[in-house]
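Asks: Below is structure-v2.txt; it holds compact mmCIF, C-alpha atoms and all ligand atoms.
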# COMPACT_ATOMS: atom_id res chain seq x y z
CA MET A 1 0.00 0.00 0.00
CA LYS A 2 1.11 3.55 -0.81
CA ALA A 3 -0.03 6.45 1.35
CA LYS A 4 0.81 10.11 1.88
CA ILE A 5 0.94 11.35 5.46
CA CYS A 6 0.95 15.03 6.28
CA LEU A 7 2.93 15.78 9.46
CA LEU A 8 2.05 18.87 11.50
CA PRO A 9 4.66 18.85 14.31
CA GLY A 10 3.46 22.20 15.73
CA ASP A 11 5.00 23.81 18.81
CA GLY A 12 6.76 22.92 22.06
CA ILE A 13 7.43 19.18 22.29
CA GLY A 14 5.41 18.61 19.07
CA PRO A 15 8.42 18.30 16.73
CA GLU A 16 10.26 15.97 19.16
CA ILE A 17 7.37 13.49 19.52
CA VAL A 18 6.23 13.58 15.89
CA ALA A 19 9.80 12.77 14.79
CA GLN A 20 9.65 9.55 16.85
CA ALA A 21 6.19 8.61 15.51
CA GLN A 22 7.48 9.13 11.96
CA LEU A 23 10.40 6.75 12.64
CA VAL A 24 7.99 4.14 14.01
CA LEU A 25 5.67 4.46 10.98
CA GLY A 26 8.72 4.12 8.72
CA ALA A 27 9.78 0.94 10.53
CA VAL A 28 6.29 -0.59 10.30
CA ALA A 29 6.09 0.29 6.61
CA ALA A 30 9.47 -1.35 5.96
CA ARG A 31 8.46 -4.52 7.85
CA PHE A 32 5.09 -4.94 6.15
CA GLY A 33 6.15 -3.75 2.67
CA HIS A 34 4.23 -0.45 2.47
CA GLU A 35 5.35 2.85 1.00
CA LEU A 36 4.60 5.84 3.23
CA GLU A 37 5.43 9.32 1.98
CA PHE A 38 5.78 12.07 4.61
CA GLU A 39 5.42 15.82 4.16
CA SER A 40 5.87 18.25 7.05
CA HIS A 41 3.97 21.56 7.32
CA LEU A 42 3.62 24.48 9.71
CA MET A 43 0.64 24.84 12.01
CA GLY A 44 0.04 26.67 15.29
CA GLY A 45 2.43 29.20 16.87
CA CYS A 46 5.28 28.39 14.47
CA ALA A 47 2.94 29.18 11.56
CA ILE A 48 1.89 32.48 13.19
CA ASP A 49 5.58 33.39 13.47
CA ASP A 50 6.13 32.44 9.85
CA CYS A 51 3.15 34.09 8.14
CA GLY A 52 0.71 35.38 10.78
CA ASP A 53 -1.79 32.54 10.25
CA PRO A 54 -1.97 29.44 12.53
CA LEU A 55 -3.34 27.36 9.63
CA PRO A 56 -1.76 28.67 6.40
CA GLU A 57 -3.47 27.83 3.12
CA ALA A 58 -0.47 25.72 2.04
CA THR A 59 -0.83 23.56 5.18
CA LEU A 60 -4.56 23.12 4.69
CA ASN A 61 -4.09 22.17 1.03
CA ALA A 62 -1.37 19.66 1.96
CA CYS A 63 -3.72 18.10 4.55
CA ARG A 64 -6.52 17.83 1.97
CA GLU A 65 -4.18 16.16 -0.51
CA SER A 66 -2.91 13.62 2.01
CA ASP A 67 -4.39 10.29 3.14
CA ALA A 68 -4.03 11.19 6.84
CA VAL A 69 -2.70 13.93 9.09
CA LEU A 70 -0.49 13.39 12.16
CA LEU A 71 -0.39 16.37 14.52
CA GLY A 72 1.96 16.96 17.48
CA ALA A 73 0.55 19.84 19.54
CA VAL A 74 0.17 23.59 19.19
CA GLY A 75 0.42 26.56 21.52
CA GLY A 76 2.65 27.98 24.20
CA PRO A 77 3.23 31.09 26.32
CA LYS A 78 4.81 32.98 23.40
CA TRP A 79 1.40 33.14 21.68
CA ASP A 80 -0.80 33.52 24.77
CA ASP A 81 -1.35 37.28 24.64
CA PRO A 82 -5.15 37.73 24.77
CA ARG A 83 -4.80 40.91 22.70
CA ALA A 84 -3.12 39.04 19.81
CA ASN A 85 -4.96 38.94 16.46
CA THR A 86 -4.95 35.17 16.37
CA ARG A 87 -3.88 32.20 18.49
CA PRO A 88 -2.49 28.74 17.72
CA GLU A 89 -5.72 27.09 18.96
CA ALA A 90 -7.68 28.93 16.25
CA GLY A 91 -5.81 26.71 13.79
CA LEU A 92 -7.04 23.60 15.58
CA LEU A 93 -10.72 24.63 15.45
CA ARG A 94 -10.36 25.60 11.81
CA ILE A 95 -8.70 22.39 10.67
CA ARG A 96 -11.49 20.33 12.29
CA LYS A 97 -14.13 22.41 10.52
CA GLU A 98 -12.30 22.54 7.16
CA LEU A 99 -11.67 18.77 7.08
CA GLY A 100 -15.20 18.03 8.37
CA LEU A 101 -13.84 16.04 11.32
CA PHE A 102 -17.12 15.30 13.08
CA ALA A 103 -16.15 12.28 15.19
CA ASN A 104 -13.41 12.32 17.81
CA LEU A 105 -12.26 8.91 19.01
CA ARG A 106 -10.41 8.64 22.29
CA PRO A 107 -9.45 5.23 23.61
CA VAL A 108 -8.79 5.06 27.36
CA LYS A 109 -7.02 1.86 28.35
CA PRO A 110 -4.64 2.08 31.29
CA HIS A 111 -1.67 -0.27 31.01
CA ALA A 112 -1.78 -3.02 33.61
CA SER A 113 1.70 -2.24 34.88
CA LEU A 114 0.88 1.45 35.31
CA VAL A 115 -2.40 1.22 37.25
CA GLY A 116 -0.49 2.39 40.32
CA ALA A 117 0.01 5.77 38.58
CA SER A 118 -3.75 6.38 38.49
CA PRO A 119 -5.28 8.67 41.11
CA LEU A 120 -7.95 5.95 41.55
CA ARG A 121 -7.49 2.63 43.37
CA PRO A 122 -5.99 -0.14 41.18
CA GLU A 123 -9.08 -2.37 41.59
CA ILE A 124 -11.23 0.39 40.03
CA VAL A 125 -8.88 1.14 37.14
CA SER A 126 -7.79 -2.35 36.18
CA GLY A 127 -9.68 -3.74 33.21
CA VAL A 128 -10.76 -0.30 31.96
CA ASP A 129 -10.97 -0.27 28.14
CA ILE A 130 -13.27 2.50 26.91
CA LEU A 131 -13.52 4.08 23.48
CA PHE A 132 -15.14 7.52 23.60
CA VAL A 133 -16.73 8.83 20.42
CA ARG A 134 -17.39 12.55 20.79
CA GLU A 135 -19.26 14.67 18.23
CA LEU A 136 -16.80 17.40 17.26
CA THR A 137 -18.25 19.94 14.84
CA GLY A 138 -21.74 20.68 16.17
CA GLY A 139 -23.70 21.32 19.34
CA ILE A 140 -23.32 24.24 21.69
CA TYR A 141 -19.71 25.06 20.70
CA PHE A 142 -20.87 25.95 17.18
CA GLY A 143 -24.36 27.37 17.83
CA ASP A 144 -25.48 31.01 17.77
CA LYS A 145 -24.04 32.96 20.65
CA GLY A 146 -24.10 36.48 21.86
CA ARG A 147 -24.92 39.06 24.51
CA ARG A 148 -28.26 40.81 25.00
CA LYS A 149 -29.85 43.23 27.37
CA SER A 150 -33.31 42.80 28.69
CA ALA A 151 -34.80 45.52 30.87
CA GLY A 152 -31.29 46.91 31.36
CA VAL A 153 -29.83 43.59 32.58
CA GLU A 154 -26.96 42.09 30.55
CA ALA A 155 -27.15 38.41 29.66
CA ALA A 156 -25.30 35.97 27.38
CA PHE A 157 -26.55 32.96 25.43
CA ASP A 158 -25.13 29.95 23.55
CA GLU A 159 -27.51 27.89 21.45
CA MET A 160 -27.25 24.11 21.48
CA ALA A 161 -28.61 22.42 18.37
CA TYR A 162 -28.14 19.09 16.60
CA SER A 163 -29.73 17.96 13.35
CA VAL A 164 -30.83 14.36 12.75
CA PRO A 165 -28.03 13.69 10.19
CA GLU A 166 -25.38 15.08 12.58
CA ILE A 167 -26.52 12.64 15.27
CA GLU A 168 -26.90 9.72 12.88
CA ARG A 169 -23.40 9.93 11.45
CA VAL A 170 -21.58 10.07 14.77
CA VAL A 171 -23.69 7.26 16.28
CA ARG A 172 -22.91 5.23 13.15
CA VAL A 173 -19.15 5.70 13.73
CA ALA A 174 -19.62 4.57 17.35
CA GLY A 175 -21.81 1.61 16.33
CA LYS A 176 -19.22 0.40 13.80
CA ALA A 177 -16.46 0.70 16.39
CA ALA A 178 -18.52 -1.21 18.98
CA MET A 179 -19.13 -4.03 16.48
CA GLU A 180 -15.36 -4.48 16.23
CA ARG A 181 -14.89 -4.44 20.01
CA ASP A 182 -17.05 -5.89 22.78
CA LYS A 183 -20.37 -5.04 21.04
CA ARG A 184 -21.56 -2.73 23.81
CA LEU A 185 -22.56 0.89 23.20
CA THR A 186 -23.63 3.56 25.70
CA SER A 187 -25.10 6.88 24.58
CA ILE A 188 -24.80 9.83 26.96
CA ASP A 189 -27.33 12.68 27.05
CA LYS A 190 -29.34 14.93 29.34
CA ALA A 191 -32.76 13.92 28.02
CA ASN A 192 -34.47 14.64 31.36
CA VAL A 193 -33.88 18.37 30.75
CA LEU A 194 -32.74 19.19 27.19
CA GLU A 195 -34.85 18.96 24.03
CA VAL A 196 -31.66 18.44 21.99
CA SER A 197 -30.93 15.38 24.12
CA ARG A 198 -34.44 14.01 23.59
CA LEU A 199 -33.85 14.15 19.83
CA TRP A 200 -30.35 12.66 20.32
CA ARG A 201 -31.86 9.76 22.30
CA GLU A 202 -34.56 9.05 19.67
CA VAL A 203 -32.16 9.18 16.72
CA ALA A 204 -29.42 7.15 18.44
CA ALA A 205 -31.91 4.41 19.33
CA ASN A 206 -33.14 4.28 15.71
CA VAL A 207 -29.62 4.03 14.27
CA VAL A 208 -28.74 1.24 16.69
CA SER A 209 -31.91 -0.80 16.17
CA ASN A 210 -31.85 -0.41 12.36
CA GLU A 211 -28.13 -0.77 11.71
CA PHE A 212 -26.55 -2.47 14.73
CA PRO A 213 -29.22 -4.75 16.22
CA GLU A 214 -26.54 -7.04 17.68
CA LEU A 215 -25.21 -4.35 20.01
CA GLN A 216 -26.00 -4.31 23.69
CA TYR A 217 -27.18 -0.69 23.93
CA ASP A 218 -28.01 1.60 26.83
CA VAL A 219 -28.36 5.29 27.63
CA VAL A 220 -26.96 7.11 30.65
CA LEU A 221 -27.50 10.71 31.78
CA VAL A 222 -24.33 12.82 31.62
CA ASP A 223 -24.34 13.65 35.34
CA ALA A 224 -24.63 9.95 36.24
CA MET A 225 -21.83 9.13 33.76
CA ALA A 226 -19.51 11.60 35.50
CA MET A 227 -19.96 9.47 38.64
CA HIS A 228 -19.76 6.07 36.91
CA LEU A 229 -16.42 7.03 35.32
CA ILE A 230 -14.95 7.31 38.80
CA SER A 231 -16.82 4.48 40.52
CA ARG A 232 -17.07 1.74 37.84
CA PRO A 233 -15.19 2.76 34.65
CA ALA A 234 -14.45 -0.87 33.71
CA ASP A 235 -18.16 -1.43 32.91
CA PHE A 236 -18.10 0.58 29.66
CA ASP A 237 -17.03 -0.35 26.13
CA VAL A 238 -17.91 2.31 23.50
CA VAL A 239 -19.43 5.60 24.71
CA VAL A 240 -20.96 8.11 22.27
CA THR A 241 -21.96 11.66 23.12
CA GLY A 242 -22.26 15.26 21.93
CA ASN A 243 -19.56 17.89 21.75
CA MET A 244 -19.68 19.55 25.18
CA PHE A 245 -20.52 16.44 27.23
CA GLY A 246 -17.75 14.60 25.36
CA ASP A 247 -15.25 17.38 25.99
CA ILE A 248 -15.80 17.16 29.73
CA LEU A 249 -16.14 13.38 30.07
CA THR A 250 -13.06 12.60 27.95
CA ASP A 251 -10.94 14.94 30.06
CA GLU A 252 -12.26 13.26 33.19
CA ALA A 253 -11.50 9.84 31.69
CA SER A 254 -8.00 10.91 30.64
CA MET A 255 -7.06 10.98 34.30
CA LEU A 256 -7.81 7.26 34.74
CA PRO A 257 -4.46 6.04 33.36
CA GLY A 258 -2.46 8.53 35.42
CA SER A 259 -0.41 10.02 32.56
CA LEU A 260 -1.31 12.27 29.66
CA GLY A 261 1.73 11.05 27.75
CA LEU A 262 0.07 7.74 26.81
CA LEU A 263 -3.29 8.75 25.33
CA PRO A 264 -3.90 9.13 21.59
CA SER A 265 -6.92 10.47 19.73
CA ALA A 266 -8.34 10.39 16.22
CA SER A 267 -10.71 12.83 14.56
CA LEU A 268 -12.53 11.34 11.60
CA GLY A 269 -14.42 12.90 8.73
CA ASP A 270 -16.12 11.35 5.80
CA PRO A 271 -14.80 11.53 3.16
CA GLY A 272 -11.24 12.84 3.42
CA PRO A 273 -8.25 12.47 5.70
CA GLY A 274 -8.58 12.07 9.46
CA LEU A 275 -6.44 13.88 12.02
CA TYR A 276 -4.43 11.86 14.55
CA GLU A 277 -2.78 13.38 17.61
CA PRO A 278 -1.86 12.85 21.27
CA ILE A 279 -4.42 14.29 23.68
CA HIS A 280 -1.81 16.31 25.58
CA GLY A 281 -0.65 19.82 24.70
CA SER A 282 2.71 21.22 23.66
CA ALA A 283 4.22 20.93 27.19
CA PRO A 284 6.29 24.12 26.94
CA ASP A 285 7.78 23.41 30.39
CA ILE A 286 9.79 20.47 29.00
CA ALA A 287 10.14 21.46 25.32
CA GLY A 288 13.64 21.10 23.92
CA LYS A 289 14.86 18.97 26.81
CA GLY A 290 14.47 15.67 24.96
CA ILE A 291 12.47 14.11 27.82
CA ALA A 292 8.89 14.18 26.47
CA ASN A 293 7.01 10.90 26.30
CA PRO A 294 6.48 10.09 22.59
CA LEU A 295 4.15 7.11 23.22
CA ALA A 296 0.80 8.96 22.90
CA THR A 297 1.86 10.21 19.46
CA ILE A 298 3.18 6.77 18.50
CA LEU A 299 -0.19 5.28 19.56
CA ALA A 300 -1.93 8.00 17.51
CA ALA A 301 0.12 6.77 14.54
CA ALA A 302 -1.24 3.25 15.25
CA MET A 303 -4.80 4.65 15.18
CA LEU A 304 -3.95 6.28 11.84
CA LEU A 305 -2.94 2.92 10.39
CA ARG A 306 -6.12 1.27 11.72
CA HIS A 307 -8.79 3.87 10.97
CA GLU A 308 -7.39 5.57 7.88
CA LEU A 309 -5.43 2.91 6.05
CA GLN A 310 -7.28 -0.20 7.37
CA LEU A 311 -3.92 -1.71 8.41
CA GLU A 312 -5.11 -3.55 11.52
CA GLU A 313 -2.16 -5.91 11.87
CA GLU A 314 0.33 -3.04 11.54
CA ALA A 315 -1.59 -0.95 14.12
CA ALA A 316 -1.70 -3.88 16.53
CA ALA A 317 2.07 -4.39 16.05
CA ILE A 318 2.71 -0.85 17.33
CA GLU A 319 0.25 -1.20 20.21
CA SER A 320 1.68 -4.48 21.41
CA ALA A 321 5.25 -3.11 21.09
CA VAL A 322 4.27 -0.18 23.33
CA SER A 323 2.55 -2.49 25.85
CA ASN A 324 5.54 -4.81 26.00
CA ILE A 325 7.94 -1.90 26.47
CA ILE A 326 5.89 -0.54 29.36
CA ASP A 327 5.49 -4.01 30.88
CA SER A 328 9.25 -4.47 30.72
CA GLY A 329 9.64 -1.44 32.98
CA LEU A 330 11.04 1.08 30.50
CA ARG A 331 9.77 4.60 31.23
CA THR A 332 10.16 8.23 30.19
CA ALA A 333 10.50 10.78 32.99
CA ASP A 334 6.75 11.54 33.27
CA ILE A 335 5.98 7.97 34.38
CA ALA A 336 9.36 6.87 35.79
CA GLY A 337 8.73 8.07 39.35
CA LYS A 338 12.10 7.79 41.10
CA GLY A 339 13.36 5.16 38.63
CA ALA A 340 15.66 5.60 35.61
CA ALA A 341 14.16 7.38 32.60
CA LEU A 342 14.70 7.08 28.86
CA SER A 343 14.90 10.15 26.65
CA THR A 344 12.28 10.82 23.95
CA ALA A 345 14.62 9.46 21.26
CA GLU A 346 15.60 6.39 23.31
CA MET A 347 11.94 5.50 23.88
CA GLY A 348 11.20 6.00 20.17
CA ALA A 349 14.17 3.76 19.29
CA LYS A 350 12.82 1.00 21.59
CA VAL A 351 9.49 1.03 19.72
CA VAL A 352 11.25 1.07 16.34
CA GLU A 353 13.34 -1.93 17.40
CA ALA A 354 10.27 -3.82 18.64
CA VAL A 355 8.10 -3.21 15.54
CA SER A 356 10.94 -3.99 13.18
CA GLY A 357 10.54 -7.66 14.22
P1 LIG A 401 0.04 20.08 28.43
O1 LIG A 401 -0.70 18.84 28.09
O2 LIG A 401 0.90 20.64 27.36
O3 LIG A 401 0.96 19.83 29.73
C1 LIG A 401 0.42 19.47 31.00
C2 LIG A 401 1.53 18.78 31.84
O4 LIG A 401 1.75 17.48 31.30
C3 LIG A 401 2.88 19.51 31.75
O5 LIG A 401 3.54 19.41 32.98
C4 LIG A 401 3.65 18.74 30.70
O6 LIG A 401 5.05 18.78 30.86
C5 LIG A 401 3.10 17.33 30.88
N1 LIG A 401 3.09 16.60 29.61
C6 LIG A 401 2.22 16.76 28.59
N2 LIG A 401 2.54 15.94 27.58
C7 LIG A 401 3.63 15.25 27.97
C8 LIG A 401 4.44 14.25 27.34
N3 LIG A 401 4.20 13.78 26.10
N4 LIG A 401 5.49 13.77 28.03
C9 LIG A 401 5.77 14.20 29.27
N5 LIG A 401 5.04 15.14 29.93
C10 LIG A 401 3.98 15.66 29.27
O7 LIG A 401 -1.05 21.14 28.91
P2 LIG A 401 -0.87 22.69 29.24
O8 LIG A 401 0.43 22.92 29.95
O9 LIG A 401 -2.14 23.09 29.87
O10 LIG A 401 -0.80 23.41 27.82
C11 LIG A 401 0.40 23.81 27.18
C12 LIG A 401 0.06 24.40 25.82
O11 LIG A 401 -0.49 23.37 25.00
C13 LIG A 401 -0.99 25.51 25.88
O12 LIG A 401 -0.61 26.50 24.97
C14 LIG A 401 -2.27 24.83 25.44
O13 LIG A 401 -3.16 25.72 24.82
C15 LIG A 401 -1.72 23.84 24.42
N6 LIG A 401 -2.59 22.67 24.18
C16 LIG A 401 -2.60 22.21 22.91
C17 LIG A 401 -3.36 21.07 22.62
C18 LIG A 401 -3.32 20.56 21.22
O14 LIG A 401 -2.47 20.96 20.45
N7 LIG A 401 -4.22 19.67 20.84
C19 LIG A 401 -4.06 20.41 23.63
C20 LIG A 401 -3.99 20.89 24.95
C21 LIG A 401 -3.24 22.03 25.22
Could you spell out this file's structure in structure tokens?
Ligand code: NAD
Replies:
Amino acid sequence: MKAKICLLPGDGIGPEIVAQAQLVLGAVAARFGHELEFESHLMGGCAIDDCGDPLPEATLNACRESDAVLLGAVGGPKWDDPRANTRPEAGLLRIRKELGLFANLRPVKPHASLVGASPLRPEIVSGVDILFVRELTGGIYFGDKGRRKSAGVEAAFDEMAYSVPEIERVVRVAGKAAMERDKRLTSIDKANVLEVSRLWREVAANVVSNEFPELQYDVVLVDAMAMHLISRPADFDVVVTGNMFGDILTDEASMLPGSLGLLPSASLGDPGPGLYEPIHGSAPDIAGKGIANPLATILAAAMLLRHELQLEEEAAAIESAVSNIIDSGLRTADIAGKGAALSTAEMGAKVVEAVSG
């Protein structure tokens, strides 16, 4: 297979971790006989410095012409001035919209040998294997918003709206994913209060019963889910929800494994390339020191192979290499505790060695 991958290293530790993921993808391609072509482009703060735009036209065009996009992270104190014309994060919102990336997939699966790093007790965290599917381009974050005065009192409003097709397509992504996992799907809403959630519940149930009748399906209110994620997270398989509920719940869930440096994410559109990235930010506090954990980005590269190029065996090869490396006790500084730590490049080299067979 031949594929073109657009790399957007971004800011802070982004270039360091994307470089390692690129080496791992190269090693997998060599082992399995694929031809991957890489092209690197500016996005985020570095692009603002270069041309004043966090998502330059050339970068967007390169993304559109590629089969998949691998992003490091964007942002940092240099571009934090609230009076600035634009910010690195504006590039992130725009690329999601421009590429139509409506479904964000975030797997949360703490490694058995790292459950001690979780803020929760090991017996609660062990066995957790959740895939969140969050709607990413609709809902309250993209509705009408504004300020108004009524009888001299200032107020603000944000409209939350979802159309039937917007709900159908994201539930379909979640349903397909659940069919390839443990065949259990949970939809999260606030149907006891919100009209949008009542429509979400109706449409989700129709999609599941018409297209995925084999799934074990249930619905949970978002406030209850916030509690279940802390008290019994191992009970869930695939979880689908809207933009704002997903934003909050996935951040809550990202604490379960105890380290941000291990969690990847994928944002999928249809048709066109998906965007794959670690869930953490640009970690300006450690940028340039060569100590960042590259594993979340390497696992994002595995998701890219699975979801974009349908290379399941190759994706699994990366995931099992990472698991074995962690099980063998090798750590970067963020998860090493008082033990010895590998550098970013040393950790990347371990994965390259393991996937090279
Ligand atoms: P962060 O995720 O960058 O860092 C939080 C803490 O985790 C820091 O102590 C950092 O050193 C550590 N950390 C994060 N990733 C790590 C890794 N791979 N290895 C080792 N340690 C790691 O969050 P923040 O400090 O709140 O944000 C920093 C910048 O990143 C901000 O400008 C923010 O806007 C941006 N950001 C970007 C994205 C993105 O590009 N998708 C996401 C979140 C934050």
Asks: Would you compute an axis-aligned box for ligand LIG 401 (chain A), covering every atom listed for it in the file with 4 Å of margin on each side, and report centre and edge lengths in Å to one decimal as AutoDock Vina command-line options?
Replies:
--center_x 0.8 --center_y 20.1 --center_z 26.7 --size_x 18.0 --size_y 20.7 --size_z 20.5
Asks: Could you pull the residues within 9 Å of Val108 (chain A), counting all atoms listed in the file, minus those fewer than 5 positions along the same chain, as a PyMOL selection string?
Replies: chain A and resi 128-132+250+253-254+256-257+263-264
Asks: Kindly work out which residues sit at most 10 Å from ligand LIG 401 (chain A), using only C-alpha atoms and all ligand atoms, and give the list as a PyMOL selection string.
Replies: chain A and resi 9-14+16-17+43-45+71-80+87-89+91-93+259-263+265+277-287+290-297+332-335+344
Asks: Deliver the residues from the most recent selection as a file, using C-alpha atoms, as an mmCIF file, in the coordinates of the input.
Replies:
data_model
loop_
_atom_site.group_PDB
_atom_site.id
_atom_site.type_symbol
_atom_site.label_atom_id
_atom_site.label_comp_id
_atom_site.auth_asym_id
_atom_site.auth_seq_id
_atom_site.Cartn_x
_atom_site.Cartn_y
_atom_site.Cartn_z
ATOM 1 C CA PRO A 9 4.660 18.850 14.310
ATOM 2 C CA GLY A 10 3.460 22.200 15.730
ATOM 3 C CA ASP A 11 5.000 23.810 18.810
ATOM 4 C CA GLY A 12 6.760 22.920 22.060
ATOM 5 C CA ILE A 13 7.430 19.180 22.290
ATOM 6 C CA GLY A 14 5.410 18.610 19.070
ATOM 7 C CA GLU A 16 10.260 15.970 19.160
ATOM 8 C CA ILE A 17 7.370 13.490 19.520
ATOM 9 C CA MET A 43 0.640 24.840 12.010
ATOM 10 C CA GLY A 44 0.040 26.670 15.290
ATOM 11 C CA GLY A 45 2.430 29.200 16.870
ATOM 12 C CA LEU A 71 -0.390 16.370 14.520
ATOM 13 C CA GLY A 72 1.960 16.960 17.480
ATOM 14 C CA ALA A 73 0.550 19.840 19.540
ATOM 15 C CA VAL A 74 0.170 23.590 19.190
ATOM 16 C CA GLY A 75 0.420 26.560 21.520
ATOM 17 C CA GLY A 76 2.650 27.980 24.200
ATOM 18 C CA PRO A 77 3.230 31.090 26.320
ATOM 19 C CA LYS A 78 4.810 32.980 23.400
ATOM 20 C CA TRP A 79 1.400 33.140 21.680
ATOM 21 C CA ASP A 80 -0.800 33.520 24.770
ATOM 22 C CA ARG A 87 -3.880 32.200 18.490
ATOM 23 C CA PRO A 88 -2.490 28.740 17.720
ATOM 24 C CA GLU A 89 -5.720 27.090 18.960
ATOM 25 C CA GLY A 91 -5.810 26.710 13.790
ATOM 26 C CA LEU A 92 -7.040 23.600 15.580
ATOM 27 C CA LEU A 93 -10.720 24.630 15.450
ATOM 28 C CA SER A 259 -0.410 10.020 32.560
ATOM 29 C CA LEU A 260 -1.310 12.270 29.660
ATOM 30 C CA GLY A 261 1.730 11.050 27.750
ATOM 31 C CA LEU A 262 0.070 7.740 26.810
ATOM 32 C CA LEU A 263 -3.290 8.750 25.330
ATOM 33 C CA SER A 265 -6.920 10.470 19.730
ATOM 34 C CA GLU A 277 -2.780 13.380 17.610
ATOM 35 C CA PRO A 278 -1.860 12.850 21.270
ATOM 36 C CA ILE A 279 -4.420 14.290 23.680
ATOM 37 C CA HIS A 280 -1.810 16.310 25.580
ATOM 38 C CA GLY A 281 -0.650 19.820 24.700
ATOM 39 C CA SER A 282 2.710 21.220 23.660
ATOM 40 C CA ALA A 283 4.220 20.930 27.190
ATOM 41 C CA PRO A 284 6.290 24.120 26.940
ATOM 42 C CA ASP A 285 7.780 23.410 30.390
ATOM 43 C CA ILE A 286 9.790 20.470 29.000
ATOM 44 C CA ALA A 287 10.140 21.460 25.320
ATOM 45 C CA GLY A 290 14.470 15.670 24.960
ATOM 46 C CA ILE A 291 12.470 14.110 27.820
ATOM 47 C CA ALA A 292 8.890 14.180 26.470
ATOM 48 C CA ASN A 293 7.010 10.900 26.300
ATOM 49 C CA PRO A 294 6.480 10.090 22.590
ATOM 50 C CA LEU A 295 4.150 7.110 23.220
ATOM 51 C CA ALA A 296 0.800 8.960 22.900
ATOM 52 C CA THR A 297 1.860 10.210 19.460
ATOM 53 C CA THR A 332 10.160 8.230 30.190
ATOM 54 C CA ALA A 333 10.500 10.780 32.990
ATOM 55 C CA ASP A 334 6.750 11.540 33.270
ATOM 56 C CA ILE A 335 5.980 7.970 34.380
ATOM 57 C CA THR A 344 12.280 10.820 23.950
#
Asks: Rank A:Met255, A:Val153, A:Leu114, A:Leu25 by their smallest atom-to-atom distance to Pro233 (chain A), using all atoms listed in the file, and report the top residue only.
Replies: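 Selected residue with least distance to Pro233 (chain A): A:Met255.
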Asks: Which residue out of A:Met225, A:Ala177, A:Met303, A:Ile298 has the minimum interatomic distance to Gly26 (chain A) when all atoms listed in the file are used?
Replies: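 Using all atoms listed in the file, the shortest distance to Gly26 (chain A) belongs to A:Ile298.
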Asks: Rounded to one decimal in Å, what is the spacing between CA of Pro54 (chain A) and CA of Pro82 (chain A)?
Replies: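 Value for the CA of Pro54 (chain A)-CA of Pro82 (chain A) distance: 15.1 Å.
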Asks: Please work out which residues fall within 9 Å of (-2.6, 23.4, 6.1), coordinates as given in the file, with only C-alpha atoms counting, and return them as an mmCIF file with C-alpha atoms, in the frame of the given file.
Replies:
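selection-v8.cif, written as the output of this step:
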data_model
loop_
_atom_site.group_PDB
_atom_site.id
_atom_site.type_symbol
_atom_site.label_atom_id
_atom_site.label_comp_id
_atom_site.auth_asym_id
_atom_site.auth_seq_id
_atom_site.Cartn_x
_atom_site.Cartn_y
_atom_site.Cartn_z
ATOM 1 C CA LEU A 8 2.050 18.870 11.500
ATOM 2 C CA HIS A 41 3.970 21.560 7.320
ATOM 3 C CA LEU A 42 3.620 24.480 9.710
ATOM 4 C CA MET A 43 0.640 24.840 12.010
ATOM 5 C CA PRO A 54 -1.970 29.440 12.530
ATOM 6 C CA LEU A 55 -3.340 27.360 9.630
ATOM 7 C CA PRO A 56 -1.760 28.670 6.400
ATOM 8 C CA GLU A 57 -3.470 27.830 3.120
ATOM 9 C CA ALA A 58 -0.470 25.720 2.040
ATOM 10 C CA THR A 59 -0.830 23.560 5.180
ATOM 11 C CA LEU A 60 -4.560 23.120 4.690
ATOM 12 C CA ASN A 61 -4.090 22.170 1.030
ATOM 13 C CA ALA A 62 -1.370 19.660 1.960
ATOM 14 C CA CYS A 63 -3.720 18.100 4.550
ATOM 15 C CA ARG A 64 -6.520 17.830 1.970
ATOM 16 C CA GLY A 91 -5.810 26.710 13.790
ATOM 17 C CA ILE A 95 -8.700 22.390 10.670
#
Asks: Just want the 9 Å neighbourhood of Arg232 (chain A), counted on all atoms listed in the file, with same-chain residues fewer than 5 positions away dropped. Output as a VMD selection string.
Replies: chain A and resid 124 to 125 128 227
Asks: List every protein, DNA or RNA residue that has at least one atom no more than 8 Å from (-16.2, 6.5, 12.3) in the file's coordinates, counting all atoms listed in the file, and write the result as a list of chain:residue names.
Replies: A:Ala103, A:Val170, A:Arg172, A:Val173, A:Ala174, A:Lys176, A:Ala177, A:Leu268, A:Gly269, A:His307
Asks: Please save C-alpha atoms of the selected residues as an mmCIF file, in the coordinates of the input.
Replies:
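Everything below was put into again06.cif:
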data_model
loop_
_atom_site.group_PDB
_atom_site.id
_atom_site.type_symbol
_atom_site.label_atom_id
_atom_site.label_comp_id
_atom_site.auth_asym_id
_atom_site.auth_seq_id
_atom_site.Cartn_x
_atom_site.Cartn_y
_atom_site.Cartn_z
ATOM 1 C CA ALA A 103 -16.150 12.280 15.190
ATOM 2 C CA VAL A 170 -21.580 10.070 14.770
ATOM 3 C CA ARG A 172 -22.910 5.230 13.150
ATOM 4 C CA VAL A 173 -19.150 5.700 13.730
ATOM 5 C CA ALA A 174 -19.620 4.570 17.350
ATOM 6 C CA LYS A 176 -19.220 0.400 13.800
ATOM 7 C CA ALA A 177 -16.460 0.700 16.390
ATOM 8 C CA LEU A 268 -12.530 11.340 11.600
ATOM 9 C CA GLY A 269 -14.420 12.900 8.730
ATOM 10 C CA HIS A 307 -8.790 3.870 10.970
#
Asks: Using only C-alpha atoms, which of A:Glu168, A:Ser320, A:Met244, A:His34 sits nearest Asn210 (chain A)?
Replies: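 Closest residue, counting only C-alpha atoms: A:Glu168.
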Asks: Using all atoms listed in the file for the distances, tell me which of A:Gly146, A:Pro122, A:Gly116, A:Pro271 is nearest to Ala336 (chain A).
Replies: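 Among the listed residues, A:Gly116 lies closest to Ala336 (chain A).
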